[in-house]
Amino acid sequence: MNSKLIVLNWKTNPISGVEATKLGVKIKDLIKNKKNVEVVMCPPAPFIPLVMPKRKNKGLAVGAQDAFFVGSGSYTGRASSEMFKSLGCEYVIVGHSEKRQDGDTDEVVAKKVESVIRSNMKAIICVGEEIRDKEGKYLNLIRHQVISAISLVKKSYLKDVIIAYEPLWAIGKDAYKADDPESFFHNAVFIKKAFATVSGSEMAVKLPVLYGGSVTADNALKFLVSGRADGLLIGRVSLLPEQVKDIIYMAEQLGNNK
Ligand code: 13P
């Protein structure tokens with residue numbers, strides 16, 4: 001991947017359509033004249049049409065935070081991959097730890113990933129451990145999460161997979177701290193190796209691996225440079241245009257310096 005991918009996960013924010021529209025306008029302004037960065041806005045499902053650009057905008061895409069794997073039917077409260085595709089979404093986050101805590105098993109995650117890709121979108125699969133043990137046993141969990149999430153995808157479509165490494169202990173306002181870039185880099189290599197067991201090494205080399213968990217304008221550059229992250233998955237700070245602006249600027253500069 002050439003440009004850095006900056007994914008903005010608004011989670012269940014903001015509280016109104018008016019505020020979501022305003023935030024969407026601000027983010028769209030930030031990516032004007034940017035060539036080396038792809039920003040993916042992921043608002044809550046009801047706000048997707050409010051922020052969707054009228055025309056395809058280079059450098060900006062809209063994504064969903066989750067998608068159900070059956071296209072349509074009697075499933076009260078679900079919104080499917082096909083539905084998000086029909087609204088113009090290009091990405092879907094799948095297997096976020098907050099969805100896994102809500103009951104999404106590895107099997108459900110695999111079905112969701114398959115449906116996203118079948119619907120011609122890219123799946124941003126979240127993986128990460130709850131506890132980082134010194135013996136490195138957490139790596140077994142990460143390997144399992146990666147391999148099981150892509151188990152229903154045909155090999156030729158694995159190019160539509162992006163992995164976001166988000167250790168649970170680094171996520172949210174009660175987070176202990178962000179990971180450090182060096183440890184992210186090692187985990188990203190490990191993720192590519194696990195992916196390679198299914199995809200083969202040629203595809204695994206190209207697999208984008210993002211970092212997520214307490215990303216701010218202060219630590220973003222370290223993850224992109226020292227951690228060699230292909231991009232970032234941002235929660236709380238994605239609601240703060242001033243910080244998003246700085247992060248997009250840094251990502252754009254990195255592309256310019258290639
Ligand atoms: P924070 O950036 O708020 O820690 O959230 C990370 C996350 O879960 C993004 O998906």
# chains A, B, ... in the order shown; residues from 1 in each chain; ligands from 1
>>> closest_atom_pairs(of="chain A", to="ligand 1", cutoff="6 Å", atoms="only C-alpha atoms and all ligand atoms", output="JSON lines")
{"residue": "A:Asn9", "atom": "CA", "partner": "ligand 1", "partner_atom_place_in_ligand_line": "10 (O)", "distance": 5.3}
{"residue": "A:Ile171", "atom": "CA", "partner": "ligand 1", "partner_atom_place_in_ligand_line": "4 (O)", "distance": 3.6}
{"residue": "A:Gly172", "atom": "CA", "partner": "ligand 1", "partner_atom_place_in_ligand_line": "4 (O)", "distance": 3.8}
{"residue": "A:Gly212", "atom": "CA", "partner": "ligand 1", "partner_atom_place_in_ligand_line": "6 (C)", "distance": 5.3}
{"residue": "A:Gly213", "atom": "CA", "partner": "ligand 1", "partner_atom_place_in_ligand_line": "4 (O)", "distance": 4.0}
{"residue": "A:Ser214", "atom": "CA", "partner": "ligand 1", "partner_atom_place_in_ligand_line": "4 (O)", "distance": 3.6}
{"residue": "A:Val215", "atom": "CA", "partner": "ligand 1", "partner_atom_place_in_ligand_line": "2 (O)", "distance": 5.1}
{"residue": "A:Leu233", "atom": "CA", "partner": "ligand 1", "partner_atom_place_in_ligand_line": "9 (C)", "distance": 5.1}
{"residue": "A:Ile234", "atom": "CA", "partner": "ligand 1", "partner_atom_place_in_ligand_line": "2 (O)", "distance": 4.4}
{"residue": "A:Gly235", "atom": "CA", "partner": "ligand 1", "partner_atom_place_in_ligand_line": "2 (O)", "distance": 3.4}
{"residue": "A:Arg236", "atom": "CA", "partner": "ligand 1", "partner_atom_place_in_ligand_line": "3 (O)", "distance": 3.8}
>>> closest_atom_pairs(of="segment 147-223 of chain A", to="segment 237-248 of chain A", cutoff="9 Å", atoms="only C-alpha atoms", output="CSV")
residue,atom,partner,partner_atom,distance
A:Ser214,CA,A:Val237,CA,8.1
A:Val215,CA,A:Val237,CA,7.2
A:Thr216,CA,A:Val237,CA,6.2
A:Ala217,CA,A:Gln243,CA,5.3
A:Asp218,CA,A:Ile247,CA,8.7
A:Ala220,CA,A:Ile247,CA,6.5
A:Leu221,CA,A:Ile247,CA,7.6
>>> write_last_selection(atoms="N, CA, C and O atoms", output="mmCIF file, in the first residue's frame")
data_model
loop_
_atom_site.group_PDB
_atom_site.id
_atom_site.type_symbol
_atom_site.label_atom_id
_atom_site.label_comp_id
_atom_site.auth_asym_id
_atom_site.auth_seq_id
_atom_site.Cartn_x
_atom_site.Cartn_y
_atom_site.Cartn_z
ATOM 1 N N SER A 214 -5.597 4.276 21.611
ATOM 2 C CA SER A 214 -5.071 5.529 22.168
ATOM 3 C C SER A 214 -4.147 6.284 21.209
ATOM 4 O O SER A 214 -3.130 6.851 21.630
ATOM 5 N N VAL A 215 -4.495 6.283 19.922
ATOM 6 C CA VAL A 215 -3.718 7.089 18.968
ATOM 7 C C VAL A 215 -4.093 8.553 19.171
ATOM 8 O O VAL A 215 -5.262 8.901 19.312
ATOM 9 N N THR A 216 -3.070 9.407 19.187
ATOM 10 C CA THR A 216 -3.278 10.863 19.278
ATOM 11 C C THR A 216 -2.341 11.532 18.274
ATOM 12 O O THR A 216 -1.475 10.867 17.677
ATOM 13 N N ALA A 217 -2.475 12.860 18.155
ATOM 14 C CA ALA A 217 -1.562 13.588 17.272
ATOM 15 C C ALA A 217 -0.125 13.502 17.805
ATOM 16 O O ALA A 217 0.835 13.668 17.056
ATOM 17 N N ASP A 218 0.026 13.224 19.096
ATOM 18 C CA ASP A 218 1.370 13.146 19.679
ATOM 19 C C ASP A 218 2.095 11.843 19.394
ATOM 20 O O ASP A 218 3.322 11.818 19.312
ATOM 21 N N ALA A 220 1.047 9.528 16.821
ATOM 22 C CA ALA A 220 0.730 8.966 15.493
ATOM 23 C C ALA A 220 1.988 8.789 14.624
ATOM 24 O O ALA A 220 2.193 7.733 14.013
ATOM 25 N N LEU A 221 2.817 9.821 14.619
ATOM 26 C CA LEU A 221 3.991 9.776 13.736
ATOM 27 C C LEU A 221 4.929 8.621 14.114
ATOM 28 O O LEU A 221 5.492 7.954 13.250
#
>>> residues_around(residues="Ala67 of chain A", least_positions_apart="3", cutoff="7 Å", atoms="only C-alpha atoms", output="number ranges by chain")
A: 79-81, 92, 112
>>> residues_around(residues="Pro49 of chain A", least_positions_apart="2", cutoff="10 Å", atoms="only C-alpha atoms", output="list of chain:residue names")
A:Thr21, A:Pro43, A:Ala45, A:Pro46, A:Phe47, A:Val51, A:Met52, A:Pro53, A:Lys54, A:Val62, A:Phe84, A:Leu87, A:Gly88, A:Cys89
>>> atom_distance(atom1="atom CA of Ile93 of chain A", atom2="atom CA of Gln253 of chain A")
26.0 Å
>>> atom_distance(atom1="atom CA of Val205 of chain A", atom2="atom CA of Ser151 of chain A")
18.5 Å
>>> select_by_dssp(residues="segment 21-241 of chain A", states="alpha helix (DSSP H)", output="ChimeraX atom specification")
/A:21-30,48-51,81-87,97-101,106-118,138-149,181-199,201-206,220-225,241
>>> residues_around(residues="Gly59 of chain A", least_positions_apart="3", cutoff="8 Å", atoms="only C-alpha atoms", output="list in words")
Ile31, Lys34, Lys35, Asn36, Val37, Glu38 and Val39 of chain A
>>> write_last_selection(atoms="N, CA, C and O atoms", output="CSV table (one decimal), in the first residue's frame")
chain,number,residue,atom,x,y,z
A,31,ILE,N,-9.1,16.9,4.0
A,31,ILE,CA,-8.4,16.0,3.0
A,31,ILE,C,-8.3,16.7,1.6
A,31,ILE,O,-7.7,16.2,0.7
A,34,LYS,N,-5.0,16.6,-0.7
A,34,LYS,CA,-4.1,15.6,-0.2
A,34,LYS,C,-4.0,14.5,-1.2
A,34,LYS,O,-5.0,14.1,-1.8
A,35,LYS,N,-2.7,14.0,-1.4
A,35,LYS,CA,-2.6,13.0,-2.5
A,35,LYS,C,-2.1,11.7,-1.9
A,35,LYS,O,-2.2,10.6,-2.5
A,36,ASN,N,-1.5,11.7,-0.7
A,36,ASN,CA,-0.8,10.5,-0.2
A,36,ASN,C,-1.4,9.9,1.0
A,36,ASN,O,-0.8,9.2,1.7
A,37,VAL,N,-2.7,10.2,1.2
A,37,VAL,CA,-3.3,9.6,2.4
A,37,VAL,C,-4.8,9.3,2.0
A,37,VAL,O,-5.4,9.9,1.2
A,38,GLU,N,-5.2,8.1,2.6
A,38,GLU,CA,-6.6,7.7,2.4
A,38,GLU,C,-7.3,7.8,3.7
A,38,GLU,O,-6.9,7.1,4.7
A,39,VAL,N,-8.4,8.6,3.9
A,39,VAL,CA,-9.1,8.7,5.1
A,39,VAL,C,-10.4,8.0,5.0
A,39,VAL,O,-11.1,8.2,4.0
>>> closest_residue(among="A:Ala170, A:Val7, A:Ala178, A:Ile27", to="Ala123 of chain A", atoms="only C-alpha atoms")
A:Val7
>>> closest_residue(among="A:Asp180, A:Glu202, A:Glu252, A:Asp160", to="Gly227 of chain A", atoms="only C-alpha atoms")
A:Asp180
>>> residues_around(residues="Ile142 of chain A", least_positions_apart="3", cutoff="9 Å", atoms="only C-alpha atoms", output="PyMOL selection string")
chain A and resi 127-129+138-139+145-147+165+187+190-191+194
>>> write_last_selection(atoms="N, CA, C and O atoms", output="PDB file, in the first residue's frame")
ATOM      1  N   VAL A 127      -7.851  -7.252  15.470  1.00  0.00           N
ATOM      2  CA  VAL A 127      -7.340  -8.339  16.306  1.00  0.00           C
ATOM      3  C   VAL A 127      -6.556  -7.707  17.453  1.00  0.00           C
ATOM      4  O   VAL A 127      -6.095  -6.575  17.339  1.00  0.00           O
ATOM      5  N   GLY A 128      -6.434  -8.450  18.556  1.00  0.00           N
ATOM      6  CA  GLY A 128      -5.638  -7.912  19.658  1.00  0.00           C
ATOM      7  C   GLY A 128      -5.948  -8.634  20.948  1.00  0.00           C
ATOM      8  O   GLY A 128      -7.054  -9.146  21.137  1.00  0.00           O
ATOM      9  N   GLU A 129      -4.961  -8.637  21.814  1.00  0.00           N
ATOM     10  CA  GLU A 129      -5.082  -9.385  23.068  1.00  0.00           C
ATOM     11  C   GLU A 129      -5.615  -8.503  24.189  1.00  0.00           C
ATOM     12  O   GLU A 129      -5.439  -7.287  24.176  1.00  0.00           O
ATOM     13  N   TYR A 138       0.110 -14.474  24.162  1.00  0.00           N
ATOM     14  CA  TYR A 138      -0.928 -13.691  23.475  1.00  0.00           C
ATOM     15  C   TYR A 138      -0.811 -13.822  21.951  1.00  0.00           C
ATOM     16  O   TYR A 138      -1.784 -13.650  21.225  1.00  0.00           O
ATOM     17  N   LEU A 139       0.385 -14.166  21.501  1.00  0.00           N
ATOM     18  CA  LEU A 139       0.579 -14.301  20.046  1.00  0.00           C
ATOM     19  C   LEU A 139      -0.258 -15.446  19.473  1.00  0.00           C
ATOM     20  O   LEU A 139      -0.698 -15.385  18.325  1.00  0.00           O
ATOM     21  N   GLN A 145      -6.946 -15.428  15.735  1.00  0.00           N
ATOM     22  CA  GLN A 145      -7.917 -14.417  15.277  1.00  0.00           C
ATOM     23  C   GLN A 145      -7.722 -14.101  13.795  1.00  0.00           C
ATOM     24  O   GLN A 145      -8.695 -13.984  13.044  1.00  0.00           O
ATOM     25  N   VAL A 146      -6.462 -13.977  13.372  1.00  0.00           N
ATOM     26  CA  VAL A 146      -6.183 -13.648  11.960  1.00  0.00           C
ATOM     27  C   VAL A 146      -6.645 -14.793  11.065  1.00  0.00           C
ATOM     28  O   VAL A 146      -7.399 -14.585  10.100  1.00  0.00           O
ATOM     29  N   ILE A 147      -6.211 -16.004  11.382  1.00  0.00           N
ATOM     30  CA  ILE A 147      -6.483 -17.138  10.492  1.00  0.00           C
ATOM     31  C   ILE A 147      -7.976 -17.447  10.445  1.00  0.00           C
ATOM     32  O   ILE A 147      -8.536 -17.685   9.368  1.00  0.00           O
ATOM     33  N   TYR A 165      -4.303  -3.973  14.253  1.00  0.00           N
ATOM     34  CA  TYR A 165      -3.870  -4.531  15.530  1.00  0.00           C
ATOM     35  C   TYR A 165      -4.230  -3.536  16.634  1.00  0.00           C
ATOM     36  O   TYR A 165      -3.694  -2.414  16.670  1.00  0.00           O
ATOM     37  N   ASN A 187       4.672  -7.127  16.281  1.00  0.00           N
ATOM     38  CA  ASN A 187       3.367  -7.785  16.181  1.00  0.00           C
ATOM     39  C   ASN A 187       2.832  -7.742  14.751  1.00  0.00           C
ATOM     40  O   ASN A 187       2.177  -8.678  14.298  1.00  0.00           O
ATOM     41  N   PHE A 190       4.472 -10.433  12.856  1.00  0.00           N
ATOM     42  CA  PHE A 190       3.862 -11.701  13.269  1.00  0.00           C
ATOM     43  C   PHE A 190       2.509 -11.895  12.566  1.00  0.00           C
ATOM     44  O   PHE A 190       2.193 -12.997  12.093  1.00  0.00           O
ATOM     45  N   ILE A 191       1.724 -10.834  12.475  1.00  0.00           N
ATOM     46  CA  ILE A 191       0.406 -10.902  11.815  1.00  0.00           C
ATOM     47  C   ILE A 191       0.580 -11.258  10.335  1.00  0.00           C
ATOM     48  O   ILE A 191      -0.136 -12.093   9.783  1.00  0.00           O
ATOM     49  N   ALA A 194       1.329 -14.931  10.064  1.00  0.00           N
ATOM     50  CA  ALA A 194       0.123 -15.749  10.264  1.00  0.00           C
ATOM     51  C   ALA A 194      -0.743 -15.703   9.002  1.00  0.00           C
ATOM     52  O   ALA A 194      -1.247 -16.727   8.535  1.00  0.00           O
TER      53      ALA A 194
END
>>> select_by_dssp(residues="segment 166-253 of chain A", states="strand (DSSP E)", output="list in words")
Val209, Leu210, Tyr211, Gly212, Gly231, Leu232, Leu233 and Ile234 of chain A
>>> write_last_selection(atoms="N, CA and C atoms", output="mmCIF file, in the first residue's frame")
data_model
loop_
_atom_site.group_PDB
_atom_site.id
_atom_site.type_symbol
_atom_site.label_atom_id
_atom_site.label_comp_id
_atom_site.auth_asym_id
_atom_site.auth_seq_id
_atom_site.Cartn_x
_atom_site.Cartn_y
_atom_site.Cartn_z
ATOM 1 N N VAL A 209 -1.243 -3.430 7.626
ATOM 2 C CA VAL A 209 -1.494 -3.640 9.055
ATOM 3 C C VAL A 209 -1.512 -2.256 9.726
ATOM 4 N N LEU A 210 -2.646 -1.958 10.358
ATOM 5 C CA LEU A 210 -2.829 -0.661 11.002
ATOM 6 C C LEU A 210 -2.608 -0.808 12.506
ATOM 7 N N TYR A 211 -2.287 0.310 13.141
ATOM 8 C CA TYR A 211 -2.251 0.298 14.608
ATOM 9 C C TYR A 211 -3.460 1.057 15.155
ATOM 10 N N GLY A 212 -4.069 0.524 16.221
ATOM 11 C CA GLY A 212 -5.163 1.217 16.908
ATOM 12 C C GLY A 212 -5.043 1.069 18.407
ATOM 13 N N GLY A 231 -1.035 2.367 8.552
ATOM 14 C CA GLY A 231 -2.084 3.329 8.840
ATOM 15 C C GLY A 231 -2.503 3.216 10.290
ATOM 16 N N LEU A 232 -3.572 3.932 10.627
ATOM 17 C CA LEU A 232 -4.013 4.021 12.019
ATOM 18 C C LEU A 232 -5.522 3.855 12.095
ATOM 19 N N LEU A 233 -5.980 3.240 13.174
ATOM 20 C CA LEU A 233 -7.422 3.132 13.449
ATOM 21 C C LEU A 233 -7.645 3.950 14.723
ATOM 22 N N ILE A 234 -8.387 5.038 14.570
ATOM 23 C CA ILE A 234 -8.454 6.039 15.638
ATOM 24 C C ILE A 234 -9.859 6.122 16.223
#
>>> closest_residue(among="A:Arg228, A:Arg143, A:Lys222, A:Lys177", to="Thr197 of chain A", atoms="only C-alpha atoms")
A:Arg143
>>> closest_residue(among="A:Pro181, A:Pro44, A:Pro14, A:Pro167", to="Ser226 of chain A", atoms="only C-alpha atoms")
A:Pro181
>>> atom_distance(atom1="atom CA of Ala164 of chain A", atom2="atom CA of Glu19 of chain A")
27.2 Å
>>> closest_residue(among="A:Lys154, A:Lys134, A:Lys58, A:Lys206", to="Val189 of chain A", atoms="only C-alpha atoms")
A:Lys206
